[in-house]
Amino acid sequence: MPVPPWEATPVPPWDGRAERFPRPPAAFVLLAPVVISLLVQVPAAIGIAAWQHVGWPAGLLQVVLAAAGPLALLGARRYPGPTVAVIAAAALADLLLTPDLGPPYVALAFAIVLAVARGAVVWAAASVVVAWVAAIALGAVIGVSWHPFRIAFTTLVLAACFGIGSFVRVRRARVASYRAEVLRRRQTAEQRERVRIARELHDVIGHALSQINVQASVGLHLMDRDPEQARTALGSIKETSKTALEEVRSVLGVIRDGEAPLVPQAELAELPRLVAGVGSPGFEAELVDRLDVPPRRAVQFAGYRIAQEALTNVVRHAAASRAVVTVEHAGDEFVLTVDDDGAGVRGAEGSGILGMRERASLLGGSVAVGESPLGGTRVSVRLPWGGAE
């Protein structure tokens, strides 16, 4: 049967938000910076070496340094800190050992962003600061003059790379948090659904088997003395098993493929049939209906299931000869009481009582178990009368 609206877990309003941040393929994240850096640095290094006629040794060194940084980016996933240090050293060598005119060493920018995004901030900061200070100091030693604007611009670009890396890291953390929260909500909803289905199956099957057991005992006892009464008991077994099978199929249909229920949701109008069905030659059940109008459907469904479970407990465990089910409207509450004259309250509460309490708590109500004026056990249920369906 469909999930009752009062038991449904609301979908978080941002449940699809994590899907707005699709995770790019790992191969793309790894190879894209390598390919871009190679396409920017290597062809430019070859062209500049040929244009300036620097000779084979110097030209080969320039191309090797241009390719070393991009290739070193292949290790950024596992070793982001050492990778940025290696690429910073390659960039320093390219800056000091090759012609001053050349393409920007974009591999270093990618290395900084990837290292900061992966948490290797100390490695990245130390490597870049050491390389940049060494470039300025060694440049002065070997006679390379750096224009103040170039120093300021390069420093700004390096700082921007750190900022981009920090942004990527924060964004990743937020997306991971969204995904974890969505997964937790979904797991919680699945767990609640499993509990709901287990509770439904417990109520339906437990009640049906109890009834079948009682009626089968009656039939066997009266088979020879009163065949007509035995036939009635067998008919009751047939009807009870048919109803139980329909309800079980409704519950399992939702698990299988979301089928619509084969039978409607149980309501308080079904209580007379429920009470009459538990009767037997040695046990009498009575319904006292003091309701002028029925409460909302959520309360009716919960009240019916709780009454069903309470009567099942009476039949199975109380050794009672009489039970009285009373429903009434008291103030702003729906009140259901089930009294019996059986053995009374004994021992710890079982899963049936716990299931009643869970049903009541879902609607903001309560279940109390105590002594009955009839001498046995009283189950008293209070549920809020009004509210949304």
# chains A, B, ... in the order shown; residues from 1 in each chain; ligands from 1
>>> residues_around(residues="Pro272 (chain A)", least_positions_apart="4", cutoff="12 Å", atoms="only C-alpha atoms", output="JSON, numbers by chain")
{"A": [266, 267, 268, 276, 277, 278, 279, 285, 286, 287, 288, 289, 304, 307, 308, 324, 325, 326, 327]}
>>> select_by_dssp(residues="region 267-354 of chain A", states="strand (DSSP E)", output="PyMOL selection string")
chain A and resi 284-289+322-330+333-340
>>> residues_around(residues="region 147-151 of chain A", least_positions_apart="4", cutoff="9 Å", atoms="only C-alpha atoms", output="VMD selection string")
chain A and resid 136 155 to 156
>>> write_last_selection(atoms="C-alpha atoms", output="mmCIF file, in the first residue's frame")
data_model
loop_
_atom_site.group_PDB
_atom_site.id
_atom_site.type_symbol
_atom_site.label_atom_id
_atom_site.label_comp_id
_atom_site.auth_asym_id
_atom_site.auth_seq_id
_atom_site.Cartn_x
_atom_site.Cartn_y
_atom_site.Cartn_z
ATOM 1 C CA ILE A 136 64.467 37.401 -8.157
ATOM 2 C CA THR A 155 53.016 37.854 -7.840
ATOM 3 C CA LEU A 156 49.360 38.752 -8.419
#
>>> closest_residue(among="A:Leu108, A:Ala66, A:Arg78, A:Val29", to="Ile46 (chain A)", atoms="only C-alpha atoms")
A:Ala66
>>> select_by_dssp(residues="region 4-150 of chain A", states="alpha helix (DSSP H)", output="ChimeraX atom specification")
/A:26-52,56-72,80-97,106-117,121-142,148-150
>>> residues_around(residues="Ser321 (chain A)", least_positions_apart="6", cutoff="8 Å", atoms="only C-alpha atoms", output="JSON, numbers by chain")
{"A": [282, 283, 284, 340, 341, 342]}
>>> atom_distance(atom1="CA of Ala67 (chain A)", atom2="CA of Tyr105 (chain A)")
10.1 Å
>>> residues_around(residues="Glu371 (chain A)", least_positions_apart="2", cutoff="12 Å", atoms="only C-alpha atoms", output="list in words")
Thr337, Val338, Asp339, Asp340, Asp341, Gly342, Ala343, Gly344, Val345, Arg346, Ala368, Val369, Pro373, Leu374, Gly375, Gly376, Thr377, Arg378, Val379 and Ser380 of chain A
>>> write_last_selection(atoms="N, CA and C atoms", output="CSV table (one decimal), in the first residue's frame")
chain,number,residue,atom,x,y,z
A,337,THR,N,-9.7,2.6,23.8
A,337,THR,CA,-9.3,1.7,24.9
A,337,THR,C,-9.7,0.3,24.6
A,338,VAL,N,-8.8,-0.6,25.0
A,338,VAL,CA,-9.0,-2.0,24.8
A,338,VAL,C,-8.8,-2.7,26.2
A,339,ASP,N,-9.9,-3.2,26.8
A,339,ASP,CA,-9.9,-3.8,28.1
A,339,ASP,C,-10.1,-5.3,27.9
A,340,ASP,N,-9.5,-6.1,28.8
A,340,ASP,CA,-9.8,-7.5,28.8
A,340,ASP,C,-9.8,-8.0,30.2
A,341,ASP,N,-10.3,-9.2,30.5
A,341,ASP,CA,-10.3,-9.8,31.8
A,341,ASP,C,-9.3,-11.0,32.0
A,342,GLY,N,-8.3,-10.8,31.2
A,342,GLY,CA,-7.3,-11.9,31.2
A,342,GLY,C,-6.3,-11.9,32.4
A,343,ALA,N,-5.0,-12.3,32.0
A,343,ALA,CA,-4.0,-12.5,33.1
A,343,ALA,C,-3.4,-11.2,33.5
A,344,GLY,N,-3.6,-10.1,32.8
A,344,GLY,CA,-3.1,-8.8,33.3
A,344,GLY,C,-1.7,-8.5,32.7
A,345,VAL,N,-1.1,-7.4,33.1
A,345,VAL,CA,0.2,-7.0,32.6
A,345,VAL,C,1.2,-7.8,33.2
A,346,ARG,N,2.1,-8.5,32.4
A,346,ARG,CA,3.2,-9.3,32.9
A,346,ARG,C,4.4,-9.1,32.1
A,368,ALA,N,-0.7,4.0,26.5
A,368,ALA,CA,-0.5,3.6,27.9
A,368,ALA,C,-1.0,2.2,28.2
A,369,VAL,N,-0.3,1.4,28.9
A,369,VAL,CA,-0.7,0.0,29.2
A,369,VAL,C,-0.7,-0.1,30.7
A,373,PRO,N,-10.3,-2.3,34.5
A,373,PRO,CA,-11.4,-2.5,35.4
A,373,PRO,C,-12.0,-3.9,35.3
A,374,LEU,N,-11.8,-4.5,34.2
A,374,LEU,CA,-12.3,-5.9,34.0
A,374,LEU,C,-11.4,-6.9,34.7
A,375,GLY,N,-10.2,-6.5,35.2
A,375,GLY,CA,-9.3,-7.4,35.9
A,375,GLY,C,-8.1,-7.8,35.1
A,376,GLY,N,-8.1,-7.5,33.8
A,376,GLY,CA,-6.9,-7.8,33.0
A,376,GLY,C,-6.1,-6.6,32.7
A,377,THR,N,-5.9,-6.4,31.4
A,377,THR,CA,-5.0,-5.3,30.9
A,377,THR,C,-5.8,-4.3,30.1
A,378,ARG,N,-5.5,-3.0,30.3
A,378,ARG,CA,-6.1,-2.0,29.5
A,378,ARG,C,-5.0,-1.3,28.6
A,379,VAL,N,-5.3,-1.2,27.4
A,379,VAL,CA,-4.5,-0.4,26.4
A,379,VAL,C,-5.2,0.8,26.1
A,380,SER,N,-4.6,2.0,26.5
A,380,SER,CA,-5.3,3.3,26.3
A,380,SER,C,-4.5,4.1,25.3
>>> atom_distance(atom1="CA of Leu383 (chain A)", atom2="CA of Ala319 (chain A)")
28.2 Å
>>> closest_residue(among="A:Glu270, A:Leu97, A:Pro104, A:Leu92", to="Val42 (chain A)", atoms="only C-alpha atoms")
A:Pro104
>>> residues_around(residues="region 328-336 of chain A", least_positions_apart="6", cutoff="9 Å", atoms="only C-alpha atoms", output="MDAnalysis selection string")
chainID A and resid 288:295 299 303 306:307 365 379:386
>>> write_last_selection(atoms="N, CA and C atoms", output="short mmCIF file (atom, residue, chain, number, x, y, z; two decimals), in the first residue's frame")
data_model
loop_
_atom_site.label_atom_id
_atom_site.label_comp_id
_atom_site.auth_asym_id
_atom_site.auth_seq_id
_atom_site.Cartn_x
_atom_site.Cartn_y
_atom_site.Cartn_z
N VAL A 288 -17.70 -0.66 21.77
CA VAL A 288 -18.49 0.47 22.27
C VAL A 288 -18.09 1.69 21.48
N ASP A 289 -18.95 2.11 20.57
CA ASP A 289 -18.65 3.23 19.67
C ASP A 289 -19.39 4.48 20.14
N ARG A 290 -18.66 5.45 20.68
CA ARG A 290 -19.25 6.69 21.17
C ARG A 290 -18.92 7.88 20.26
N LEU A 291 -18.56 7.61 19.03
CA LEU A 291 -18.19 8.67 18.11
C LEU A 291 -19.40 9.15 17.34
N ASP A 292 -19.56 10.46 17.26
CA ASP A 292 -20.60 11.04 16.41
C ASP A 292 -20.11 11.16 14.98
N VAL A 293 -18.87 11.61 14.83
CA VAL A 293 -18.24 11.72 13.51
C VAL A 293 -16.85 11.10 13.63
N PRO A 294 -16.33 10.54 12.55
CA PRO A 294 -14.99 9.94 12.60
C PRO A 294 -13.91 11.01 12.57
N PRO A 295 -12.74 10.73 13.13
CA PRO A 295 -11.62 11.67 13.05
C PRO A 295 -10.98 11.62 11.66
N VAL A 299 -5.75 9.26 11.72
CA VAL A 299 -6.09 8.77 13.05
C VAL A 299 -6.91 7.49 12.94
N GLY A 303 -5.70 4.12 14.57
CA GLY A 303 -6.57 3.54 15.59
C GLY A 303 -6.97 2.12 15.24
N ILE A 306 -3.90 -0.20 15.75
CA ILE A 306 -3.59 -0.40 17.18
C ILE A 306 -4.63 -1.32 17.83
N ALA A 307 -5.91 -1.12 17.49
CA ALA A 307 -6.96 -2.00 18.02
C ALA A 307 -6.74 -3.43 17.54
N GLY A 365 0.69 11.20 19.36
CA GLY A 365 -0.14 10.62 20.40
C GLY A 365 0.65 9.75 21.35
N VAL A 379 -5.28 -1.21 27.37
CA VAL A 379 -4.46 -0.45 26.44
C VAL A 379 -5.22 0.82 26.12
N SER A 380 -4.64 1.96 26.49
CA SER A 380 -5.30 3.25 26.29
C SER A 380 -4.49 4.08 25.29
N VAL A 381 -5.17 4.51 24.25
CA VAL A 381 -4.52 5.25 23.15
C VAL A 381 -5.15 6.62 23.04
N ARG A 382 -4.29 7.64 22.94
CA ARG A 382 -4.76 9.01 22.74
C ARG A 382 -4.06 9.59 21.53
N LEU A 383 -4.84 10.05 20.57
CA LEU A 383 -4.31 10.62 19.33
C LEU A 383 -4.95 11.99 19.08
N PRO A 384 -4.19 12.95 18.57
CA PRO A 384 -4.77 14.26 18.25
C PRO A 384 -5.91 14.12 17.25
N TRP A 385 -7.02 14.75 17.54
CA TRP A 385 -8.21 14.60 16.69
C TRP A 385 -8.04 15.32 15.36
N GLY A 386 -7.63 16.59 15.43
CA GLY A 386 -7.58 17.40 14.22
C GLY A 386 -6.23 17.33 13.56
#
>>> atom_distance(atom1="CA of Ala298 (chain A)", atom2="CA of Asn313 (chain A)")
22.7 Å
